[in-house]
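K.L.:
Structure file data_30.pdb, PDB, C-alpha atoms and all ligand atoms, is pasted below:
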```pdb
ATOM      1  CA  MET A   1     154.696 143.417  28.431
ATOM      2  CA  GLY A   2     153.752 146.321  30.600
ATOM      3  CA  PRO A   3     152.873 149.774  29.372
ATOM      4  CA  SER A   4     156.464 150.865  29.899
ATOM      5  CA  ARG A   5     157.687 148.489  27.170
ATOM      6  CA  CYS A   6     154.998 148.589  24.478
ATOM      7  CA  ALA A   7     152.157 150.742  23.330
ATOM      8  CA  ILE A   8     148.513 149.728  23.544
ATOM      9  CA  GLU A   9     147.667 147.576  20.540
ATOM     10  CA  PRO A  10     144.280 147.570  18.820
ATOM     11  CA  SER A  11     142.221 144.440  18.230
ATOM     12  CA  TYR A  12     142.565 142.588  14.938
ATOM     13  CA  LYS A  13     140.118 140.964  12.552
ATOM     14  CA  ALA A  14     141.949 137.656  12.819
ATOM     15  CA  THR A  15     143.018 135.150  15.406
ATOM     16  CA  VAL A  16     145.924 136.704  17.229
ATOM     17  CA  VAL A  17     148.981 134.708  18.233
ATOM     18  CA  ARG A  18     151.261 136.418  20.713
ATOM     19  CA  ARG A  19     154.648 135.153  21.809
ATOM     20  CA  PHE A  20     155.877 136.061  25.292
ATOM     21  CA  TRP A  21     159.288 135.750  26.856
ATOM     22  CA  HIS A  22     159.264 133.514  29.902
ATOM     23  CA  GLY A  23     158.492 135.661  32.931
ATOM     24  CA  ALA A  24     157.018 138.573  30.977
ATOM     25  CA  ALA A  25     154.380 140.565  32.866
ATOM     26  CA  VAL A  26     151.468 140.794  30.433
ATOM     27  CA  GLU A  27     148.757 143.407  30.831
ATOM     28  CA  ILE A  28     145.529 143.226  28.830
ATOM     29  CA  VAL A  29     142.531 145.534  28.784
ATOM     30  CA  PHE A  30     139.412 143.747  27.545
ATOM     31  CA  GLN A  31     136.953 146.198  26.013
ATOM     32  CA  SER A  32     133.337 145.134  25.428
ATOM     33  CA  THR A  33     131.540 146.787  22.570
ATOM     34  CA  ALA A  34     127.969 146.952  21.309
ATOM     35  CA  VAL A  35     128.891 145.117  18.107
ATOM     36  CA  LEU A  36     126.822 141.931  17.693
ATOM     37  CA  GLN A  37     126.419 141.334  21.405
ATOM     38  CA  ASP A  38     124.635 142.484  24.515
ATOM     39  CA  ASP A  39     126.226 140.145  27.040
ATOM     40  CA  SER A  40     129.050 140.397  29.478
ATOM     41  CA  ASN A  41     132.131 138.434  28.413
ATOM     42  CA  PRO A  42     133.693 135.836  30.719
ATOM     43  CA  MET A  43     137.266 135.883  29.417
ATOM     44  CA  HIS A  44     139.167 132.729  30.292
ATOM     45  CA  LEU A  45     142.927 132.168  30.142
ATOM     46  CA  HIS A  46     144.380 128.678  30.088
ATOM     47  CA  GLY A  47     147.594 127.897  31.921
ATOM     48  CA  HIS A  48     147.802 131.014  34.070
ATOM     49  CA  ASN A  49     145.906 132.950  36.681
ATOM     50  CA  MET A  50     145.079 136.575  35.999
ATOM     51  CA  ILE A  51     145.152 139.442  38.466
ATOM     52  CA  LEU A  52     142.050 141.588  38.015
ATOM     53  CA  LEU A  53     143.377 145.136  38.275
ATOM     54  CA  ALA A  54     140.095 146.987  37.697
ATOM     55  CA  GLN A  55     136.760 146.878  35.874
ATOM     56  CA  GLY A  56     134.490 149.653  34.701
ATOM     57  CA  PHE A  57     131.681 150.679  32.400
ATOM     58  CA  GLY A  58     132.099 152.635  29.181
ATOM     59  CA  ASN A  59     135.361 152.814  27.302
ATOM     60  CA  PHE A  60     138.667 152.256  29.060
ATOM     61  CA  ASP A  61     140.562 155.508  29.414
ATOM     62  CA  ALA A  62     144.179 154.903  30.425
ATOM     63  CA  ALA A  63     144.583 158.543  31.486
ATOM     64  CA  LYS A  64     142.124 158.077  34.360
ATOM     65  CA  ASP A  65     141.423 154.346  34.722
ATOM     66  CA  VAL A  66     144.977 153.199  35.495
ATOM     67  CA  ALA A  67     144.628 155.144  38.759
ATOM     68  CA  LYS A  68     141.797 152.731  39.693
ATOM     69  CA  TYR A  69     144.062 149.672  39.516
ATOM     70  CA  ASN A  70     143.959 147.581  42.675
ATOM     71  CA  SER A  71     147.566 146.698  43.405
ATOM     72  CA  VAL A  72     146.959 145.917  47.080
ATOM     73  CA  ASN A  73     144.651 142.884  47.118
ATOM     74  CA  PRO A  74     143.438 142.208  43.566
ATOM     75  CA  PRO A  75     141.294 139.121  42.885
ATOM     76  CA  VAL A  76     143.182 136.277  41.192
ATOM     77  CA  ASN A  77     141.362 133.939  38.835
ATOM     78  CA  ASN A  78     141.579 132.231  35.460
ATOM     79  CA  THR A  79     138.337 133.863  34.286
ATOM     80  CA  VAL A  80     137.335 137.511  34.552
ATOM     81  CA  LEU A  81     133.955 138.998  33.719
ATOM     82  CA  VAL A  82     134.160 141.908  31.317
ATOM     83  CA  PRO A  83     130.972 143.929  31.892
ATOM     84  CA  ASN A  84     128.566 144.520  29.054
ATOM     85  CA  LEU A  85     129.712 147.768  27.379
ATOM     86  CA  GLY A  86     132.536 147.945  29.890
ATOM     87  CA  TRP A  87     136.130 146.884  30.374
ATOM     88  CA  ALA A  88     138.418 144.862  32.587
ATOM     89  CA  ALA A  89     142.167 145.277  33.025
ATOM     90  CA  ILE A  90     144.206 142.202  33.947
ATOM     91  CA  ARG A  91     147.798 141.127  34.358
ATOM     92  CA  PHE A  92     149.494 137.772  34.392
ATOM     93  CA  VAL A  93     153.056 136.555  34.470
ATOM     94  CA  ALA A  94     153.816 134.371  31.446
ATOM     95  CA  ASN A  95     155.763 131.692  33.303
ATOM     96  CA  ASN A  96     154.158 128.460  32.087
ATOM     97  CA  PRO A  97     155.818 127.480  28.789
ATOM     98  CA  GLU A  98     153.335 126.064  26.299
ATOM     99  CA  VAL A  99     150.811 127.170  23.711
ATOM    100  CA  TRP A 100     147.738 128.524  25.509
ATOM    101  CA  PHE A 101     144.262 129.560  24.467
ATOM    102  CA  MET A 102     142.536 132.686  25.795
ATOM    103  CA  HIS A 103     138.881 133.058  24.915
ATOM    104  CA  CYS A 104     135.430 134.216  25.867
ATOM    105  CA  HIS A 105     133.598 131.351  27.526
ATOM    106  CA  TYR A 106     130.344 131.975  25.677
ATOM    107  CA  GLU A 107     130.448 129.503  22.798
ATOM    108  CA  PHE A 108     128.718 131.922  20.460
ATOM    109  CA  HIS A 109     131.312 134.613  21.155
ATOM    110  CA  LEU A 110     134.113 132.089  20.764
ATOM    111  CA  THR A 111     132.845 131.167  17.319
ATOM    112  CA  MET A 112     132.834 134.913  16.550
ATOM    113  CA  SER A 113     136.617 134.791  17.085
ATOM    114  CA  MET A 114     136.684 136.276  20.561
ATOM    115  CA  ALA A 115     139.900 134.389  21.234
ATOM    116  CA  ALA A 116     143.668 134.543  21.032
ATOM    117  CA  VAL A 117     146.598 132.151  21.262
ATOM    118  CA  PHE A 118     149.553 132.836  23.535
ATOM    119  CA  ILE A 119     152.908 131.130  23.159
ATOM    120  CA  VAL A 120     154.984 131.279  26.316
ATOM    121  CA  GLU A 121     158.672 130.633  25.711
ATOM    122  CA  ASP A 122     160.811 128.275  27.746
ATOM    123  CA  GLY A 123     162.544 129.706  30.786
ATOM    124  CA  PRO A 124     166.284 129.751  31.476
ATOM    125  CA  THR A 125     166.394 126.462  33.404
ATOM    126  CA  VAL A 126     165.276 122.856  32.919
ATOM    127  CA  ASP A 127     162.612 123.358  35.595
ATOM    128  CA  THR A 128     161.106 126.306  33.712
ATOM    129  CA  SER A 129     161.177 124.691  30.259
ATOM    130  CA  LEU A 130     159.220 122.062  28.405
ATOM    131  CA  PRO A 131     161.051 118.753  28.067
ATOM    132  CA  PRO A 132     162.340 117.974  24.579
ATOM    133  CA  PRO A 133     160.190 115.680  22.417
ATOM    134  CA  SER A 134     160.836 111.978  22.764
ATOM    135  CA  ALA A 135     163.102 110.203  20.275
ATOM    136  CA  HIS A 136     160.016 108.627  18.700
ATOM    137  CA  PHE A 137     158.170 111.910  18.189
ATOM    138  CA  PRO A 138     157.121 112.070  14.515
ATOM    139  CA  THR A 139     159.291 114.838  13.137
ATOM    140  CA  TYR A 140     157.144 115.498  10.067
ATOM    141  CA  CYS A 141     154.423 117.024  12.282
ATOM    142  CA  GLY A 142     154.808 120.781  11.998
ATOM    143  CA  HIS A 143     158.574 120.735  11.494
ATOM    144  CA  ASP A 144     158.318 121.434   7.792
ATOM    145  CA  ASP A 145     157.332 125.086   7.570
ATOM    146  CA  ASN A 146     156.515 124.677   3.885
ATOM    147  CA  LEU A 147     153.603 122.336   4.611
ATOM    148  CA  LEU A 148     150.124 123.816   4.646
ATOM    149  CA  PRO A 149     147.692 122.353   7.202
ATOM    150  CA  ASP A 150     145.874 120.369   4.485
ATOM    151  CA  GLU A 151     149.158 118.957   3.188
ATOM    152  CA  LEU A 152     150.142 117.963   6.707
ATOM    153  CA  CYS A 153     146.807 116.200   7.060
ATOM    154  CA  LEU A 154     147.254 114.421   3.725
ATOM    155  CA  GLN A 155     150.773 113.364   4.608
ATOM    156  CA  THR A 156     149.590 112.041   7.957
ATOM    157  CA  LYS A 157     146.837 110.006   6.269
ATOM    158  CA  LYS A 158     149.212 108.716   3.599
ATOM    159  CA  ASP A 159     151.751 107.592   6.175
ATOM    160  CA  ALA A 160     149.152 105.934   8.410
TER     161      ALA A 160
HETATM  162 CU    CU B   1     131.883 136.976  25.052
END
```
Take the structure in this file and express it as structure tokens.
P.N.:
Amino acid sequence: MGPSRCAIEPSYKATVVRRFWHGAAVEIVFQSTAVLQDDSNPMHLHGHNMILLAQGFGNFDAAKDVAKYNSVNPPVNNTVLVPNLGWAAIRFVANNPEVWFMHCHYEFHLTMSMAAVFIVEDGPTVDTSLPPPSAHFPTYCGHDDNLLPDELCLQTKKDA
């Protein structure tokens, strides 16, 4: 969602799962900090290409940095480098229905939870939606919301 539809959200101390309507324009500002790292962060998004609107050093300041956005010929890629102690602002259109991972490509940072999960909803047509599961798809996998992951694993082993 663009800034006209939602406020800037802070980071969380947990893996974030975000659900997007099909076709939503998603804007993210990655902010590097000095906490436990001194590297740049190659942020990678699966399933979509990102438009790199702008990058800078220091803390992102919407009041002045939005004016730096390149809306004429921005680079398009699935990985953007967030400078050490800097920021990068990106946009993508959530038009590929699936569950996607977004993460820093440094393994050490990934294990520090520098990652998020995006769920992109089906679109309005068959061509913009995932096909339904096959008739033989095991329905006990994830369809019982009362199962904890360990219970699902146990049930899978028991049934095997
Ligand atoms: Cu990183």
K.L.:
6 Å from ligand CU 1 (chain B) is the threshold here; counting all atoms listed in the file, which polymer residues fall inside it? Answer as a tab-separated table (two decimals) with C-alpha atoms, in the frame of the given file.
P.N.:
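Contents of pocket_38.tsv, freshly written:
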```tsv
chain	number	residue	atom	x	y	z
A	41	ASN	CA	132.13	138.43	28.41
A	104	CYS	CA	135.43	134.22	25.87
A	106	TYR	CA	130.34	131.98	25.68
A	109	HIS	CA	131.31	134.61	21.16
```
K.L.:
Exactly which residues make up the result of the PyMOL selection byres (((chain A and resi 27) around 6) and not hetatm) on this file, given as a list in words?
P.N.:
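Those residues are Gly2, Val26, Ile28, Ile90 and Arg91 of chain A.
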K.L.:
So that I can check the surroundings of Leu130 of chain A, please list as a list in words every protein, DNA and RNA residue that reaches within 10 Å of it, counting all atoms listed in the file and ignoring chain neighbours fewer than 5 positions away.
P.N.:
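Neighbouring residues, sequence-local ones excluded: Asn96, Pro97, Glu98, Glu121, Asp122, Gly123 and Thr125 of chain A.
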K.L.:
Do you have the atom CA of Asn73 of chain A-atom CA of Ala88 of chain A distance handy?
P.N.:
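Here the two named atoms are 15.9 Å from each other.
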K.L.:
Between A:Trp87, A:Ser40, A:Pro74, A:Val35, which is the closest to Phe57 of chain A once you count only C-alpha atoms?
P.N.:
A:Trp87
K.L.:
Nearest residue to Phe92 of chain A out of A:Ile51, A:Val126, A:Val80, A:Val72, using all atoms listed in the file?
P.N.:
A:Ile51
K.L.:
Just how far from atom CA of Val93 of chain A is atom CA of Phe20 of chain A, in Å to one decimal?
P.N.:
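Atom-to-atom, atom CA of Phe20 of chain A and atom CA of Val93 of chain A are spaced 9.6 Å apart.
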K.L.:
Set the distance at 7 Å and use all atoms listed in the file: which residues neighbour Thr79 of chain A once local chain neighbours fewer than 5 positions away are removed? I'd like the list as JSON, numbers by chain.
P.N.:
{"A": [42, 43, 44, 45]}
K.L.:
Figure out the distance between atom CA of Asp61 of chain A and atom CA of Ala25 of chain A, please, to one decimal in Å.
P.N.:
20.6 Å
K.L.:
Using only C-alpha atoms, pick whichever of A:Val29, A:His46, A:Lys68, A:Ala115 has the shortest atom-to-atom distance to Ala89 of chain A.
P.N.:
A:Val29
